[in-house]
file structure_14.txt (compact mmCIF, C-alpha atoms)
# COMPACT_ATOMS: atom_id res chain seq x y z
CA MET D 1 -1.74 -12.82 -22.43
CA SER D 2 -3.01 -10.93 -25.42
CA GLU D 3 -1.98 -7.40 -26.21
CA GLY D 4 -4.18 -4.89 -24.45
CA THR D 5 -5.16 -7.26 -21.64
CA PRO D 6 -4.59 -5.41 -18.38
CA ILE D 7 -2.21 -7.02 -15.91
CA ARG D 8 -4.03 -7.91 -12.71
CA VAL D 9 -2.58 -6.10 -9.70
CA PRO D 10 -2.59 -8.17 -6.49
CA ARG D 11 -4.68 -6.67 -3.69
CA ALA D 12 -4.07 -6.80 0.07
CA LEU D 13 -6.49 -5.89 2.85
CA LEU D 14 -4.63 -4.82 6.00
CA LEU D 15 -6.82 -4.36 9.07
CA LEU D 16 -6.39 -1.34 11.37
CA ALA D 17 -7.73 -1.55 14.91
CA GLU D 18 -7.03 0.97 17.67
CA GLY D 19 -3.84 -0.15 19.43
CA VAL D 20 -2.35 -1.94 16.42
CA GLU D 21 1.46 -2.24 16.27
CA GLU D 22 2.46 0.56 13.89
CA MET D 23 5.73 -0.93 12.66
CA GLU D 24 3.92 -4.05 11.50
CA VAL D 25 1.37 -1.98 9.60
CA THR D 26 3.65 0.60 8.02
CA ILE D 27 6.49 -1.74 7.06
CA THR D 28 4.12 -4.32 5.60
CA ALA D 29 2.08 -1.77 3.66
CA ASP D 30 5.20 0.02 2.42
CA ILE D 31 6.99 -3.13 1.21
CA LEU D 32 3.90 -4.44 -0.55
CA ARG D 33 3.22 -1.08 -2.23
CA ARG D 34 6.85 -0.84 -3.37
CA GLY D 35 6.31 -4.24 -4.98
CA GLY D 36 3.22 -3.14 -6.87
CA VAL D 37 0.54 -4.55 -4.57
CA ASP D 38 -2.63 -2.50 -4.05
CA VAL D 39 -2.86 -2.27 -0.25
CA VAL D 40 -6.08 -1.11 1.39
CA LEU D 41 -5.77 -0.08 5.05
CA ALA D 42 -9.20 -0.82 6.51
CA ALA D 43 -10.30 0.55 9.88
CA LEU D 44 -12.40 -1.63 12.14
CA GLY D 45 -14.04 1.55 13.41
CA GLU D 46 -14.70 4.94 11.92
CA LEU D 47 -12.89 6.46 8.95
CA ALA D 48 -10.59 8.53 11.15
CA PRO D 49 -6.91 8.30 12.09
CA VAL D 50 -6.27 5.10 14.03
CA ARG D 51 -4.15 5.48 17.18
CA CYS D 52 -1.51 2.78 17.25
CA SER D 53 0.23 1.11 20.19
CA ARG D 54 2.97 3.74 20.48
CA GLY D 55 0.83 6.79 19.77
CA VAL D 56 1.42 7.02 16.02
CA HIS D 57 -1.76 7.76 14.07
CA ILE D 58 -2.40 6.05 10.72
CA VAL D 59 -5.06 7.27 8.32
CA PRO D 60 -7.12 4.36 6.93
CA ASP D 61 -8.19 4.13 3.30
CA ALA D 62 -11.63 2.77 4.15
CA ARG D 63 -13.87 1.35 6.86
CA LEU D 64 -13.85 -2.45 6.92
CA VAL D 65 -17.65 -2.64 6.75
CA GLU D 66 -17.56 -0.66 3.49
CA VAL D 67 -14.74 -2.57 1.77
CA ASP D 68 -15.79 -4.62 -1.22
CA GLY D 69 -14.08 -6.59 -3.91
CA GLU D 70 -11.70 -9.49 -3.83
CA PHE D 71 -8.37 -9.43 -2.02
CA ASP D 72 -5.45 -11.79 -2.50
CA VAL D 73 -4.50 -11.61 1.17
CA LEU D 74 -6.06 -10.54 4.46
CA ILE D 75 -3.38 -9.20 6.83
CA LEU D 76 -3.66 -8.92 10.62
CA ALA D 77 -1.04 -6.97 12.54
CA GLY D 78 -0.35 -7.30 16.27
CA GLY D 79 -0.38 -4.97 19.22
CA ALA D 80 -2.16 -6.12 22.38
CA GLU D 81 -5.09 -3.69 22.23
CA GLY D 82 -5.45 -4.04 18.46
CA VAL D 83 -5.59 -7.82 18.71
CA ARG D 84 -8.25 -7.62 21.44
CA ARG D 85 -10.33 -5.59 19.00
CA LEU D 86 -9.72 -8.12 16.19
CA CYS D 87 -10.91 -10.85 18.55
CA ALA D 88 -14.03 -8.86 19.45
CA SER D 89 -15.04 -8.30 15.81
CA LYS D 90 -17.62 -10.74 14.44
CA LEU D 91 -16.87 -9.44 10.95
CA VAL D 92 -13.17 -10.32 11.31
CA GLY D 93 -14.15 -13.79 12.52
CA HIS D 94 -16.47 -14.29 9.56
CA MET D 95 -13.78 -13.11 7.13
CA LEU D 96 -11.13 -15.41 8.61
CA ARG D 97 -13.36 -18.50 8.50
CA ALA D 98 -14.57 -17.70 4.97
CA ARG D 99 -11.01 -17.26 3.70
CA GLU D 100 -9.90 -20.49 5.34
CA GLU D 101 -12.82 -22.36 3.78
CA ALA D 102 -12.02 -20.86 0.36
CA GLY D 103 -8.30 -21.63 0.64
CA ALA D 104 -7.54 -17.89 0.45
CA LEU D 105 -4.35 -16.38 1.86
CA VAL D 106 -4.27 -14.96 5.41
CA ALA D 107 -1.23 -13.42 7.12
CA ALA D 108 -0.87 -12.63 10.83
CA ILE D 109 2.09 -11.18 12.71
CA CYS D 110 3.03 -10.77 16.39
CA ALA D 111 0.03 -11.34 18.67
CA ALA D 112 -2.46 -11.42 15.76
CA PRO D 113 -2.51 -15.26 15.59
CA LEU D 114 -4.56 -14.96 18.81
CA ALA D 115 -7.40 -13.72 16.60
CA LEU D 116 -7.14 -16.93 14.57
CA ARG D 117 -7.44 -18.92 17.79
CA HIS D 118 -10.31 -16.79 19.11
CA HIS D 119 -12.31 -17.12 15.87
CA GLU D 120 -11.42 -20.82 15.50
CA ALA D 121 -9.80 -20.32 12.11
CA PHE D 122 -6.77 -22.22 10.81
CA MET D 123 -6.91 -24.67 13.73
CA GLY D 124 -4.05 -27.14 13.93
CA ARG D 125 -1.89 -25.24 11.45
CA THR D 126 1.85 -24.62 11.85
CA MET D 127 2.50 -21.00 12.82
CA THR D 128 4.62 -18.62 14.81
CA CYS D 129 3.80 -15.56 16.91
CA HIS D 130 5.17 -13.20 19.53
CA PRO D 131 6.65 -15.10 22.51
CA SER D 132 4.28 -13.29 24.90
CA VAL D 133 1.25 -15.09 23.40
CA GLU D 134 2.88 -18.31 22.24
CA THR D 135 1.39 -20.57 24.93
CA ARG D 136 -2.17 -19.48 24.09
CA VAL D 137 -1.64 -19.58 20.32
CA MET D 138 -0.07 -23.04 20.39
CA GLU D 139 -3.15 -24.44 22.12
CA HIS D 140 -4.68 -23.85 18.69
CA GLY D 141 -1.82 -24.67 16.31
CA ARG D 142 1.60 -26.25 15.94
CA ARG D 143 4.78 -24.31 16.66
CA GLY D 144 6.86 -23.36 13.64
CA GLU D 145 10.47 -22.18 13.66
CA GLY D 146 11.93 -19.02 12.16
CA PRO D 147 10.95 -15.38 11.75
CA VAL D 148 8.25 -16.31 9.20
CA VAL D 149 6.32 -19.57 9.01
CA ILE D 150 4.34 -20.51 5.91
CA ASP D 151 1.77 -23.30 6.10
CA GLY D 152 -0.12 -23.35 2.82
CA ASN D 153 -2.43 -20.34 2.75
CA LEU D 154 -1.34 -19.11 6.19
CA ILE D 155 1.71 -16.90 6.73
CA THR D 156 2.70 -15.91 10.28
CA SER D 157 5.57 -13.99 11.83
CA ARG D 158 6.93 -13.15 15.29
CA GLY D 159 6.74 -9.38 15.79
CA PRO D 160 7.91 -5.87 14.94
CA GLY D 161 11.51 -6.96 14.36
CA THR D 162 10.43 -9.52 11.76
CA SER D 163 8.15 -7.13 9.87
CA PHE D 164 10.51 -6.83 6.90
CA ASP D 165 10.80 -10.63 6.62
CA PHE D 166 7.02 -10.94 6.90
CA ALA D 167 6.33 -8.30 4.26
CA LEU D 168 8.93 -9.69 1.86
CA ALA D 169 7.51 -13.21 2.26
CA LEU D 170 4.05 -11.83 1.44
CA LEU D 171 5.43 -9.94 -1.54
CA GLN D 172 7.19 -13.06 -2.80
CA ARG D 173 3.92 -15.01 -2.53
CA LEU D 174 1.94 -12.31 -4.34
CA ARG D 175 4.43 -11.11 -6.97
CA GLY D 176 7.25 -13.68 -7.08
CA GLU D 177 10.79 -13.94 -5.80
CA GLY D 178 12.22 -11.60 -8.46
CA ILE D 179 10.03 -8.68 -7.39
CA ALA D 180 10.72 -9.38 -3.70
CA ARG D 181 14.47 -9.27 -4.34
CA GLN D 182 14.15 -6.05 -6.37
CA VAL D 183 12.28 -4.40 -3.50
CA GLU D 184 14.67 -5.73 -0.85
CA LYS D 185 17.92 -4.64 -2.50
CA PRO D 186 17.70 -0.83 -2.02
CA LEU D 187 16.43 -1.32 1.55
CA MET D 188 19.89 -2.59 2.54
CA LEU D 189 18.40 -5.61 4.32
CA PRO D 190 19.52 -9.20 4.01
CA TYR D 191 16.59 -10.98 2.37
CA ARG D 192 16.30 -14.31 4.17
CA ARG D 193 13.63 -16.13 2.16

call {"tool": "encode", "arguments": {"input": "structure_14.txt", "output": "structure tokens"}}
result
Amino acid sequence: MSEGTPIRVPRALLLLAEGVEEMEVTITADILRRGGVDVVLAALGELAPVRCSRGVHIVPDARLVEVDGEFDVLILAGGAEGVRRLCASKLVGHMLRAREEAGALVAAICAAPLALRHHEAFMGRTMTCHPSVETRVMEHGRRGEGPVVIDGNLITSRGPGTSFDFALALLQRLRGEGIARQVEKPLMLPYRR
């Protein structure tokens, strides 16, 4: 890289739908931002605080329909109501299928792999999800073991309790193991990747 050439900052698009699981959103966004990733929180609806599954409100950065530019990863968080909204969104379906076709990275945690199934994206891939939706998700894919499962350009995780593992795996993919370990150390978590 020549002197004066700007370093490209990885970008992540994290979708916010009413009823999303707040731990999965906030932990993932926080870890990625600590690691130098530009995270855009995009609301499926209006540009207003999004009410999450436990009543926490998160302020989005943008409306999904107005987001432009390239992103290194598209992230879907869980939460029963939020996932229903992801499934109902034609735009989300289009984005998932386009990213799969392009070989671009997608990450889904908790019940969010149901949106992959609903939109017929990443069919037959190895993945994990929350136990409450596992039977339905595995009609679409193969069951993977562990808190985080990586199958090429698809990263999946089990739920709120695996949010740190999920976020650190994403950070490692986007910025490398060294950055992931630097971010993990002051959090006082055992990094398991």

call {"tool": "residues_around", "arguments": {"input": "structure_14.txt", "residues": "D:Glu21", "least_positions_apart": "5", "cutoff": "8 Å", "atoms": "only C-alpha atoms", "output": "number ranges by chain"}}
result
D: 52-54, 77-79, 82, 160

call {"tool": "residues_near_point", "arguments": {"input": "structure_14.txt", "point": "(11.5, -15.4, 9.5)", "cutoff": "10 Å", "atoms": "all atoms listed in the file", "output": "VMD selection string"}}
result
chain D and resid 128 145 to 150 156 to 159 161 to 166 168 to 169 191 to 193

call {"tool": "closest_residue", "arguments": {"input": "structure_14.txt", "among": "D:Leu189, D:Val83, D:Ile75, D:Leu15", "to": "D:Val59", "atoms": "all atoms listed in the file"}}
result
D:Leu15

call {"tool": "closest_residue", "arguments": {"input": "structure_14.txt", "among": "D:Val9, D:Arg51, D:Leu187, D:Glu22", "to": "D:Gly36", "atoms": "all atoms listed in the file"}}
result
D:Val9

call {"tool": "closest_residue", "arguments": {"input": "structure_14.txt", "among": "D:Glu120, D:Glu100, D:Glu70, D:Glu18", "to": "D:Val56", "atoms": "all atoms listed in the file"}}
result
D:Glu18

call {"tool": "atom_distance", "arguments": {"input": "structure_14.txt", "atom1": "atom CA of D:Leu91", "atom2": "atom CA of D:Leu14"}}
result
14.0 Å

call {"tool": "decode", "arguments": {"input": "structure_14.txt", "residues": "stretch 2-109 of chain D", "atoms": "C-alpha atoms", "output": "PDB file, in the first residue's frame"}}
result
ATOM      1  CA  SER D   2       1.449   3.321  -0.993  1.00  0.00           C
ATOM      2  CA  GLU D   3       1.804   6.210   1.390  1.00  0.00           C
ATOM      3  CA  GLY D   4      -1.333   8.297   1.501  1.00  0.00           C
ATOM      4  CA  THR D   5      -3.625   5.477   0.404  1.00  0.00           C
ATOM      5  CA  PRO D   6      -6.513   5.370   2.860  1.00  0.00           C
ATOM      6  CA  ILE D   7      -7.052   2.114   4.717  1.00  0.00           C
ATOM      7  CA  ARG D   8     -10.431   0.639   3.849  1.00  0.00           C
ATOM      8  CA  VAL D   9     -12.662   0.300   6.903  1.00  0.00           C
ATOM      9  CA  PRO D  10     -14.895  -2.807   6.857  1.00  0.00           C
ATOM     10  CA  ARG D  11     -18.618  -2.037   6.875  1.00  0.00           C
ATOM     11  CA  ALA D  12     -21.440  -4.005   8.500  1.00  0.00           C
ATOM     12  CA  LEU D  13     -25.173  -3.591   7.945  1.00  0.00           C
ATOM     13  CA  LEU D  14     -27.160  -4.751  10.987  1.00  0.00           C
ATOM     14  CA  LEU D  15     -30.922  -4.921  10.471  1.00  0.00           C
ATOM     15  CA  LEU D  16     -33.337  -3.592  13.109  1.00  0.00           C
ATOM     16  CA  ALA D  17     -36.919  -4.822  13.083  1.00  0.00           C
ATOM     17  CA  GLU D  18     -39.476  -4.195  15.824  1.00  0.00           C
ATOM     18  CA  GLY D  19     -39.140  -7.035  18.344  1.00  0.00           C
ATOM     19  CA  VAL D  20     -35.464  -7.735  17.641  1.00  0.00           C
ATOM     20  CA  GLU D  21     -33.400  -9.284  20.459  1.00  0.00           C
ATOM     21  CA  GLU D  22     -31.558  -6.297  21.926  1.00  0.00           C
ATOM     22  CA  MET D  23     -28.571  -8.166  23.360  1.00  0.00           C
ATOM     23  CA  GLU D  24     -27.761  -9.587  19.943  1.00  0.00           C
ATOM     24  CA  VAL D  25     -27.903  -6.129  18.373  1.00  0.00           C
ATOM     25  CA  THR D  26     -26.045  -4.131  21.006  1.00  0.00           C
ATOM     26  CA  ILE D  27     -23.309  -6.663  21.741  1.00  0.00           C
ATOM     27  CA  THR D  28     -22.645  -7.303  18.061  1.00  0.00           C
ATOM     28  CA  ALA D  29     -22.605  -3.616  17.130  1.00  0.00           C
ATOM     29  CA  ASP D  30     -20.445  -2.722  20.131  1.00  0.00           C
ATOM     30  CA  ILE D  31     -17.823  -5.435  19.543  1.00  0.00           C
ATOM     31  CA  LEU D  32     -17.560  -4.640  15.843  1.00  0.00           C
ATOM     32  CA  ARG D  33     -17.252  -0.900  16.498  1.00  0.00           C
ATOM     33  CA  ARG D  34     -14.566  -1.507  19.137  1.00  0.00           C
ATOM     34  CA  GLY D  35     -12.700  -3.409  16.435  1.00  0.00           C
ATOM     35  CA  GLY D  36     -12.876  -0.574  13.940  1.00  0.00           C
ATOM     36  CA  VAL D  37     -15.804  -1.773  11.825  1.00  0.00           C
ATOM     37  CA  ASP D  38     -18.266   0.828  10.533  1.00  0.00           C
ATOM     38  CA  VAL D  39     -21.631  -0.562  11.690  1.00  0.00           C
ATOM     39  CA  VAL D  40     -24.856   0.836  10.258  1.00  0.00           C
ATOM     40  CA  LEU D  41     -28.016  -0.018  12.213  1.00  0.00           C
ATOM     41  CA  ALA D  42     -30.750  -0.029   9.576  1.00  0.00           C
ATOM     42  CA  ALA D  43     -34.442   0.024  10.504  1.00  0.00           C
ATOM     43  CA  LEU D  44     -36.865  -2.007   8.435  1.00  0.00           C
ATOM     44  CA  GLY D  45     -39.473   0.647   9.180  1.00  0.00           C
ATOM     45  CA  GLU D  46     -39.319   4.340   9.924  1.00  0.00           C
ATOM     46  CA  LEU D  47     -36.289   6.233  11.191  1.00  0.00           C
ATOM     47  CA  ALA D  48     -37.490   6.156  14.793  1.00  0.00           C
ATOM     48  CA  PRO D  49     -36.420   4.246  17.896  1.00  0.00           C
ATOM     49  CA  VAL D  50     -37.005   0.522  17.379  1.00  0.00           C
ATOM     50  CA  ARG D  51     -38.697  -1.291  20.274  1.00  0.00           C
ATOM     51  CA  CYS D  52     -36.833  -4.504  21.000  1.00  0.00           C
ATOM     52  CA  SER D  53     -38.073  -7.791  22.467  1.00  0.00           C
ATOM     53  CA  ARG D  54     -37.574  -6.733  26.096  1.00  0.00           C
ATOM     54  CA  GLY D  55     -38.733  -3.134  25.741  1.00  0.00           C
ATOM     55  CA  VAL D  56     -35.349  -1.519  25.117  1.00  0.00           C
ATOM     56  CA  HIS D  57     -35.434   1.079  22.343  1.00  0.00           C
ATOM     57  CA  ILE D  58     -32.539   1.362  19.881  1.00  0.00           C
ATOM     58  CA  VAL D  59     -32.108   4.373  17.619  1.00  0.00           C
ATOM     59  CA  PRO D  60     -31.279   3.314  14.043  1.00  0.00           C
ATOM     60  CA  ASP D  61     -28.700   5.084  11.905  1.00  0.00           C
ATOM     61  CA  ALA D  62     -30.789   4.831   8.738  1.00  0.00           C
ATOM     62  CA  ARG D  63     -33.835   3.282   7.099  1.00  0.00           C
ATOM     63  CA  LEU D  64     -33.001   0.114   5.185  1.00  0.00           C
ATOM     64  CA  VAL D  65     -34.673   1.389   2.009  1.00  0.00           C
ATOM     65  CA  GLU D  66     -32.347   4.415   2.054  1.00  0.00           C
ATOM     66  CA  VAL D  67     -29.081   2.581   2.750  1.00  0.00           C
ATOM     67  CA  ASP D  68     -26.616   2.567  -0.099  1.00  0.00           C
ATOM     68  CA  GLY D  69     -23.056   1.502  -0.627  1.00  0.00           C
ATOM     69  CA  GLU D  70     -21.290  -1.784  -0.201  1.00  0.00           C
ATOM     70  CA  PHE D  71     -21.191  -3.722   3.055  1.00  0.00           C
ATOM     71  CA  ASP D  72     -18.808  -6.503   4.005  1.00  0.00           C
ATOM     72  CA  VAL D  73     -21.471  -8.297   6.033  1.00  0.00           C
ATOM     73  CA  LEU D  74     -25.248  -8.292   6.402  1.00  0.00           C
ATOM     74  CA  ILE D  75     -26.240  -9.176   9.989  1.00  0.00           C
ATOM     75  CA  LEU D  76     -29.621 -10.498  11.124  1.00  0.00           C
ATOM     76  CA  ALA D  77     -30.402 -10.665  14.837  1.00  0.00           C
ATOM     77  CA  GLY D  78     -33.117 -12.812  16.408  1.00  0.00           C
ATOM     78  CA  GLY D  79     -36.151 -12.165  18.543  1.00  0.00           C
ATOM     79  CA  ALA D  80     -39.416 -13.848  17.546  1.00  0.00           C
ATOM     80  CA  GLU D  81     -41.283 -10.729  16.420  1.00  0.00           C
ATOM     81  CA  GLY D  82     -38.218  -9.243  14.751  1.00  0.00           C
ATOM     82  CA  VAL D  83     -37.616 -12.424  12.769  1.00  0.00           C
ATOM     83  CA  ARG D  84     -41.264 -12.491  11.636  1.00  0.00           C
ATOM     84  CA  ARG D  85     -40.703  -9.008  10.244  1.00  0.00           C
ATOM     85  CA  LEU D  86     -37.456 -10.088   8.522  1.00  0.00           C
ATOM     86  CA  CYS D  87     -39.395 -12.947   6.924  1.00  0.00           C
ATOM     87  CA  ALA D  88     -42.141 -10.571   5.764  1.00  0.00           C
ATOM     88  CA  SER D  89     -39.704  -8.160   4.084  1.00  0.00           C
ATOM     89  CA  LYS D  90     -39.260  -8.656   0.340  1.00  0.00           C
ATOM     90  CA  LEU D  91     -36.255  -6.332   0.474  1.00  0.00           C
ATOM     91  CA  VAL D  92     -34.542  -8.537   3.075  1.00  0.00           C
ATOM     92  CA  GLY D  93     -35.235 -11.582   0.899  1.00  0.00           C
ATOM     93  CA  HIS D  94     -33.773  -9.868  -2.149  1.00  0.00           C
ATOM     94  CA  MET D  95     -30.682  -8.803  -0.196  1.00  0.00           C
ATOM     95  CA  LEU D  96     -30.097 -12.298   1.201  1.00  0.00           C
ATOM     96  CA  ARG D  97     -30.391 -13.999  -2.189  1.00  0.00           C
ATOM     97  CA  ALA D  98     -28.200 -11.369  -3.877  1.00  0.00           C
ATOM     98  CA  ARG D  99     -25.487 -11.734  -1.232  1.00  0.00           C
ATOM     99  CA  GLU D 100     -25.578 -15.511  -1.488  1.00  0.00           C
ATOM    100  CA  GLU D 101     -25.258 -15.324  -5.274  1.00  0.00           C
ATOM    101  CA  ALA D 102     -22.341 -12.882  -4.970  1.00  0.00           C
ATOM    102  CA  GLY D 103     -20.577 -14.972  -2.314  1.00  0.00           C
ATOM    103  CA  ALA D 104     -20.903 -12.072   0.156  1.00  0.00           C
ATOM    104  CA  LEU D 105     -20.883 -12.587   3.917  1.00  0.00           C
ATOM    105  CA  VAL D 106     -24.151 -12.992   5.858  1.00  0.00           C
ATOM    106  CA  ALA D 107     -24.448 -13.560   9.611  1.00  0.00           C
ATOM    107  CA  ALA D 108     -27.574 -14.653  11.498  1.00  0.00           C
ATOM    108  CA  ILE D 109     -28.041 -15.341  15.202  1.00  0.00           C
TER     109      ILE D 109
END
